[in-house]
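Worksheet: one structure, shown below.
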Amino acid sequence: MKYAIVSDIHSNLQALHAVLRDIDNHNCDVIISLGDIVGYGGEPNECIGLLREISVTSIKGNHDRVAAGIEEPVNFNPIAREAALWTRDNLTYGNKEYLNNLPDNKDYGEFIIVHGAISDPDKYINGIYEAETEFDLLGGAEICFFGHTHVSAVYARTNRKVRNIYVNKIPPDKSSLYIELEKHVMCLINPGSVGQPRDRDPRASYIVYDNSGSVEFRRVGYDVESAQKKIIGAGLDRALAERLSYGY
């Protein structure tokens with residue numbers, strides 16, 4: 001079984017279209033979203049509509065919760081707060097209901113999906129220290145896919161020792177990196193961000209997971225300028241558009 005796993009689309013329709021076209025070339029059986037479909041970008045309704053149209057399985061992210069009106073953006077920085085509230089004001093009723101009804105996590109048996117961390121959907125796993133305590137919460141699963149940081153990563157635990165075995169190792173002239181997963185080794189895997197990468201690579205990021213034991217990290221170029229125009233045209237802070245050029 002092959003899964004395409006995306007995260008942190010953030011209302012970037014151009015990046016989402018590019019990733020979906022790339023996914024079409026990899027014979028994936030299922031597409032899974034780890035949340036934050038909306039926020040920051042200028043086309044939230046269009047991104048939700050596209051995921052609904054092709055029946056992508058998704059969970060909620062923190063921006064999705066705020067956009068749906070489930071909670072307020074109390075811990076957001078001013079630019080993120082403005083974008084989140086603009087998104088809430090501009091979402092259709094049906095799309096708010098869609099976000100509201102998404103689960104916070106999902107257990108597939110062999111793996112689980114969360115937005116931030118197993119312990120807390122708002123927690124950032126940015127290194128080994130944050131990853132260590134999450135492994136004890138995996139239960140019967142061997143893999144947890146998570147997002148939220150916008151940086152691709154793989155943390156593995158062997159004999160109670162956690163290793164960071166991948167963080168954004170795809171050079172600019174390459175589009176993918178393939179990793180063979182060790183059998184019976186627990187892993188936390190982050191596919192990076194489709195719509196707002198923060199790893200100094202502006203290309204959209206996602207992964208193809210084959211449950212026979214491999215993961216392929218993929219980077220996809222897209223029409224950044226059009227995405228920027230949508231942000232500026234929506235009246236959102238220009239910094240949200242400018243950062244797309246640099247991937248931070």
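In the structure tokens, the first chain shown is A, the next is B, and so on; residue numbers restart at 1 for each chain, and ligands run from 1 in the order shown.
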
Among range 30-99 of chain A, which residues does DSSP mark as strand (DSSP E) when it is run on the backbone? Keep the chain and numbering as in the structure and answer as number ranges by chain. A: 30-33, 57-58

File dump, residues just selected, N, CA and C atoms, as a PDB file, in the first residue's frame:
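What ended up in out_25.pdb:
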```
ATOM      1  N   VAL A  30      -3.731   6.119  -1.456  1.00  0.00           N
ATOM      2  CA  VAL A  30      -4.438   7.018  -0.543  1.00  0.00           C
ATOM      3  C   VAL A  30      -3.631   8.301  -0.393  1.00  0.00           C
ATOM      4  N   ILE A  31      -4.339   9.430  -0.259  1.00  0.00           N
ATOM      5  CA  ILE A  31      -3.692  10.695   0.076  1.00  0.00           C
ATOM      6  C   ILE A  31      -4.163  11.113   1.466  1.00  0.00           C
ATOM      7  N   ILE A  32      -3.216  11.443   2.327  1.00  0.00           N
ATOM      8  CA  ILE A  32      -3.506  11.820   3.708  1.00  0.00           C
ATOM      9  C   ILE A  32      -2.952  13.217   3.971  1.00  0.00           C
ATOM     10  N   SER A  33      -3.749  14.054   4.645  1.00  0.00           N
ATOM     11  CA  SER A  33      -3.304  15.387   5.050  1.00  0.00           C
ATOM     12  C   SER A  33      -3.184  15.441   6.567  1.00  0.00           C
ATOM     13  N   THR A  57      -8.121  12.176   2.986  1.00  0.00           N
ATOM     14  CA  THR A  57      -8.324  12.007   4.421  1.00  0.00           C
ATOM     15  C   THR A  57      -7.480  13.041   5.151  1.00  0.00           C
ATOM     16  N   SER A  58      -8.103  13.803   6.064  1.00  0.00           N
ATOM     17  CA  SER A  58      -7.352  14.842   6.765  1.00  0.00           C
ATOM     18  C   SER A  58      -7.699  14.876   8.241  1.00  0.00           C
TER      19      SER A  58
END
```

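Neighbouring residues of Val185 in chain A at 12 Å or closer, counting only C-alpha atoms and skipping chain neighbours under 4 positions away, are A:Phe135, A:Leu138, A:Ala141, A:Glu142, A:Ile143, A:Cys144, A:Val154, A:Tyr155, A:Ala156, A:Arg157, A:Thr158, A:Asn159, A:Arg160, A:Lys161, A:Val162, A:Arg163, A:Glu180, A:Leu181, A:Gly213.
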
Need the shell around Lys229 in chain A: protein/DNA/RNA residues with any atom at most 10 Å away, counting only C-alpha atoms. Skip same-chain ones fewer than 6 positions apart. Format as a VMD selection string? chain A and resid 41 to 42 235 238 241

Skip Val208 in chain A itself and residues of its chain fewer than 5 positions away, then list as a ChimeraX atom specification all residues within 9 Å of it, counting only C-alpha atoms. /A:2-6,23,26,28,191,214-218

Output file for the selection above: C-alpha atoms, as a compact mmCIF listing (two decimals), in the first residue's frame:
```txt
# COMPACT_ATOMS: atom_id res chain seq x y z
CA LYS A 2 1.36 3.42 -0.96
CA TYR A 3 0.34 6.59 0.83
CA ALA A 4 0.98 10.17 -0.26
CA ILE A 5 1.25 12.21 2.93
CA VAL A 6 1.00 15.99 2.84
CA ILE A 23 1.39 12.38 -6.68
CA HIS A 26 3.51 7.67 -8.12
CA CYS A 28 -0.48 6.14 -4.53
CA PRO A 191 6.79 15.30 5.40
CA SER A 214 10.22 2.81 2.65
CA VAL A 215 9.60 6.53 2.50
CA GLU A 216 10.43 8.91 -0.33
CA PHE A 217 10.75 12.61 0.42
CA ARG A 218 9.81 14.72 -2.59
```

Close residues, Tyr248 in chain A itself excluded, 7 Å, only C-alpha atoms, min 6 positions apart in chain, as a PyMOL selection string: chain A and resi 197-200

Those residues you just picked out, can you put them in a file as a PDB file, in the first residue's frame with N, CA and C atoms?
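out03.pdb, freshly written:
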```pdb
ATOM      1  N   PRO A 197       6.985  26.067   3.141  1.00  0.00           N
ATOM      2  CA  PRO A 197       8.196  25.441   3.672  1.00  0.00           C
ATOM      3  C   PRO A 197       9.019  26.427   4.506  1.00  0.00           C
ATOM      4  N   ARG A 198       9.663  25.896   5.543  1.00  0.00           N
ATOM      5  CA  ARG A 198      10.495  26.741   6.410  1.00  0.00           C
ATOM      6  C   ARG A 198      11.889  26.135   6.590  1.00  0.00           C
ATOM      7  N   ASP A 199      12.394  25.527   5.538  1.00  0.00           N
ATOM      8  CA  ASP A 199      13.696  24.854   5.615  1.00  0.00           C
ATOM      9  C   ASP A 199      14.680  25.401   4.585  1.00  0.00           C
ATOM     10  N   ARG A 200      14.436  26.648   4.155  1.00  0.00           N
ATOM     11  CA  ARG A 200      15.287  27.332   3.172  1.00  0.00           C
ATOM     12  C   ARG A 200      15.212  26.713   1.780  1.00  0.00           C
TER      13      ARG A 200
END
```

DSSP-assigned alpha helix (DSSP H) members of range 72-233 of chain A, reported as a ChimeraX atom specification: /A:78-90,93-101,128-132,224-233

All residues 9 Å or closer to Ile70 in chain A, only C-alpha atoms, same chain fewer than 5 positions away omitted, as a list in words: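 In the requested format, the answer is Asp64, Arg65 and Asn100 of chain A.
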
If I take CA of Leu50 in chain A and CA of Leu16 in chain A, how far is one from the other in Å, to one decimal?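 For CA of Leu50 in chain A relative to CA of Leu16 in chain A, the distance reads 8.9 Å.
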
List the neighbours of His63 in chain A out to 9 Å using only C-alpha atoms; skip same-chain residues closer than 4 positions along the sequence, and give me the result as an MDAnalysis selection string. chainID A and resid 10 35:40 67:68 73 80 84

Serialized selection, C-alpha atoms, as an mmCIF file, in the first residue's frame:
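Once everything was written out, this is again_2.cif:
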```
data_model
loop_
_atom_site.group_PDB
_atom_site.id
_atom_site.type_symbol
_atom_site.label_atom_id
_atom_site.label_comp_id
_atom_site.auth_asym_id
_atom_site.auth_seq_id
_atom_site.Cartn_x
_atom_site.Cartn_y
_atom_site.Cartn_z
ATOM 1 C CA HIS A 10 -1.862 26.726 4.282
ATOM 2 C CA GLY A 35 -3.715 19.358 8.933
ATOM 3 C CA ASP A 36 -3.333 23.108 8.585
ATOM 4 C CA ILE A 37 -5.121 23.066 5.268
ATOM 5 C CA VAL A 38 -5.761 26.786 5.736
ATOM 6 C CA GLY A 39 -4.059 29.868 7.175
ATOM 7 C CA TYR A 40 -1.458 32.272 5.749
ATOM 8 C CA ALA A 67 -10.548 29.146 11.088
ATOM 9 C CA ALA A 68 -13.466 26.919 12.059
ATOM 10 C CA PRO A 73 -5.644 32.565 17.911
ATOM 11 C CA ALA A 80 -0.564 34.731 11.696
ATOM 12 C CA ALA A 84 -6.305 33.206 10.638
#
```

If I take CA of Lys174 in chain A and CA of Glu225 in chain A, how far is one from the other in Å, to one decimal? 21.7 Å

Let me make sure I understand: among A:Asn75, A:Ser152, A:Gln228, A:Asn90, which one has the smallest atom-to-atom distance to Ala15 in chain A if we use only C-alpha atoms?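 Under the stated criterion, the closest residue is A:Gln228.
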
When you count only C-alpha atoms, which of these residues is closest to Arg52 in chain A: A:Gly247, A:Pro78, A:Gly69, A:Gly94?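 The shortest atom-to-atom distance to Arg52 in chain A comes from A:Gly94.
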
Could you jot down the CA of Ile48 in chain A to CA of Gly221 in chain A separation for me, Å, one decimal place? 20.9 Å

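Minimum atom-to-atom distances from A:Leu34, A:Val19, A:Leu177, A:Cys47 to Asn190 in chain A were compared using only C-alpha atoms, and the lowest value belongs to A:Leu34.
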